[in-house]
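Here's the structure we're looking at; comments come further down.
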Amino acid sequence: MKHIGIVAEYNPFHNGHAYQLEQIKKQFPEKQILVIMSGNFVQRGEPAIYEKTLRATCALLAGADLVFELPVYYSAASAEYFAAAAVRLLAATGIVDTICFGAECDDLSLLDRIADILYNEPPKYQSDLKYYLSKGYNFPKSRALAIADYFDTPDYSAVLDQPNNILAIEYIKTIKRFHLPLTPVVVKRKNSSYHNSKLTEEFPSATALRQSLKKQYYEAHSLTEQAALLPHAFLMNMPLCCHSFLSEHIYAKPLFFSDFYSVIGYALWANKKNYDVFFDISKELSNHLDKLYTDNTNIEKLIEAAACKNYTQARIRRVLLYILLNIKKNETAYDKLTNNLSYLRLLGFRSSASPVLHEMKVLSSIPVINKVADADRILTASQWETFEKELHIHALYKQIFEEKYDITMPSEYRQSVIITDF
């Protein structure tokens with residue numbers, strides 16, 4: 001039997017994610033749910049608010065059956081790269097035939113039509129895209145306007161204003177591009193949109209939860225007060241099982257982009273005038289960042305100053321992350337991102353999913369890593385080089401956490417695969 005795949009970040013896991021898992025279980029009661037989840041750095045170009053094993057455990061407690069990690073080369077990339085790599089990994093498992101995703105638009109035929117245009121790029125679309133780019137619009141806005149013009153339907157541009165719709169379209173586009181044997185299924189997001197920063201809805205967005213926690217966190221006067229924020233911020237916005245788990249876990253303390261200020265500042269200083277060697281940074285963008293950077297720049301102010309009609313804040317955050325993590329152009333070519341995926345790293349699974357995991361190890365087209373200590377034995381030299389760099393990147397995340405909270409996290413070598421029993 002083939003199973004269901006989900007691409008997720010769970011940053012943090014909340015009731016909307018639990019609702020999606022519940023709907024999938026209702027629609028496909030015999031199938032298991034495999035999740036490809038971002039690791040410690042996420043697609044919006046920031047560190048994950050909680051460490052990856054905590055978020056993976058929440059997913060398992062709420063109904064996922066197996067959780068695998070999306071490596072940082074892809075998890076911190078733009079929507080196209082993020083989606084392409086994640087969907088390719090789902091296909092590589094050999095046991096997934098359906099991909100389910102949440103989106104503001106649940107008209108699958110509409111999403112498919114837009115994906116088809118973005119994949120094939122007919123001449124009219126190309127000319128309209130160039131026109132809007134020449135007018136000074138950034139790429140996402142130009143693309144949305146070009147799609148609206150192509151279909152002669154202004155409302156279509158609104159579809160591409162929502163990040164989850166964009167990801168849904170990119171998932172479908174990847175299926176088309178690589179002729180993958182995956183069937184897309186969409187679950188309509190309930191209540192809050194991705195950008196909604198209010199906690200008043202039944203299903204508030206992850207953005208709202210992060211902003212609320214960050215605001216309360218910085219208004220607290222001590223680490224003791226900060227540690228007590230979790231129940232207040234999340235009690236009504238995540239499943240009880242997840243809330244109980246996080247409220248009792250010593251590592252359930254948040255990291256924010258600003259916590260990386262000192263190391264980002266050093267990386268900017270060390271690479272001054274050479275930012276264009278890093279992924280997704282043109283010479284023009286490199287010069288733009290170079291003019292804005294000063295030794296004492298506040299990272300949030302730098303992002304605001306660097307963002308303009310040509311560069312979104314999300315892109316600025318991502319490229320700052322590439323500089324910090326030393327992710328260079330030759331390491332993230334599109335061919336490598338989508339055609340030469342190296343491995344699947346297991347983060348956790350339900351004990352009831354053991355048979356599926358054993359089947360996947362036979363059918364997967366790429367190695368499956370259970371224990372980090374075994375990775376150098378089952379990976380090729382080039383695969384191991386990529387994986388080893390990934391380990392160093394996660395060590396940085398844990399180092400910042402340790403310095404902030406004076407709490408030591410286990411290394412990647414000592415971190416066991418999560419197994420939950422039900």
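Convention: chains lettered A, B, ... in structure tokens order; per-chain residue numbering from 1; ligands numbered from 1 as shown.
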
### Task
Could you pull out the residues in region 62-147 of chain A that DSSP calls strand (DSSP E) from the backbone, as a ChimeraX atom specification?
/A:66-70,96-103

### Task
Give me the residues within 9 Å of Thr294 (chain A) as a count of residues only, counting only C-alpha atoms and dropping any in the same chain fewer than 3 places off.
5

### Task
Can you pull out every residue within 8 Å of Leu21 (chain A), counting only C-alpha atoms, but drop anything in the same chain fewer than 2 positions away, and send it as a PyMOL selection string?
chain A and resi 17-19+23-25+62-64

Neighbours of Phe101 (chain A) within 8 Å (only C-alpha atoms; same-chain residues fewer than 4 positions away dropped), as a tab-separated table (two decimals) with N, CA, C and O atoms, in the first residue's frame?
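Contents of the output file selection.tsv:
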chain	number	residue	atom	x	y	z
A	6	ILE	N	3.29	14.76	3.41
A	6	ILE	CA	3.06	16.16	3.76
A	6	ILE	C	4.41	16.86	3.81
A	6	ILE	O	5.40	16.29	4.28
A	7	VAL	N	4.45	18.09	3.33
A	7	VAL	CA	5.61	18.95	3.51
A	7	VAL	C	5.22	20.00	4.54
A	7	VAL	O	4.17	20.64	4.42
A	168	ALA	N	1.58	25.45	-2.64
A	168	ALA	CA	0.74	24.43	-3.27
A	168	ALA	C	1.00	24.38	-4.77
A	168	ALA	O	1.13	23.30	-5.37
A	184	PRO	N	-1.96	15.14	-6.04
A	184	PRO	CA	-2.13	16.22	-5.06
A	184	PRO	C	-3.54	16.24	-4.47
A	184	PRO	O	-4.53	16.00	-5.16
A	185	VAL	N	-3.61	16.53	-3.18
A	185	VAL	CA	-4.88	16.68	-2.47
A	185	VAL	C	-4.75	17.95	-1.62
A	185	VAL	O	-3.76	18.13	-0.91
A	186	VAL	N	-5.75	18.82	-1.69
A	186	VAL	CA	-5.68	20.08	-0.95
A	186	VAL	C	-6.71	20.08	0.19
A	186	VAL	O	-7.84	19.62	0.03
A	187	VAL	N	-6.28	20.57	1.35
A	187	VAL	CA	-7.17	20.80	2.48
A	187	VAL	C	-7.22	22.30	2.71
A	187	VAL	O	-6.18	22.94	2.91

### Task
Give me the residues within 7 Å of Lys173 (chain A) as a list in words, counting only C-alpha atoms and dropping any in the same chain fewer than 4 places off.
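The residues that qualify are Ala115, Asp116, Tyr119, Ile169 and Arg177 of chain A.
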
Let me see the file: selected residues, C-alpha atoms, as a compact mmCIF listing (two decimals), in the first residue's frame.
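Written out: selection_15.txt:
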# COMPACT_ATOMS: atom_id res chain seq x y z
CA ALA A 115 1.06 25.62 -12.01
CA ASP A 116 0.86 24.57 -15.64
CA TYR A 119 5.91 25.34 -15.54
CA ILE A 169 1.34 25.61 -6.84
CA ARG A 177 8.32 18.94 -14.07

### Task
Enumerate as a ChimeraX atom specification all residues of region 246-403 of chain A assigned to alpha helix (DSSP H) by DSSP on the backbone, naming them with the chain letters and numbers the document uses.
/A:246-247,261-270,283-292,299-306,313-325,334-339,354-363,375-378,381-403

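Of the residues listed (A:Glu51, A:Glu390, A:Glu300, A:Asp374), A:Glu300 shows the shortest atom-to-atom separation from Asp259 (chain A); distances use only C-alpha atoms.
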
### Task
Provide the CA of Ser109 (chain A) to CA of Ala86 (chain A) distance in Å, to one decimal place.
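The value is 21.8 Å.
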
### Message
List the spatial neighbours of Asn40 (chain A) as a count of residues only - criterion: any atom at most 8 Å away, only C-alpha atoms, same-chain residues fewer than 6 positions off excluded.
### Response
8

#### Entry: CA of Ala267 (chain A) to CA of Ala305 (chain A), straight-line distance in Å
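Value for the CA of Ala305 (chain A)-CA of Ala267 (chain A) distance: 18.3 Å.
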
### Task
Using only C-alpha atoms, pick whichever of A:Lys301, A:Lys329, A:Arg55, A:Lys309 has the shortest atom-to-atom distance to Ile281 (chain A).
A:Lys329
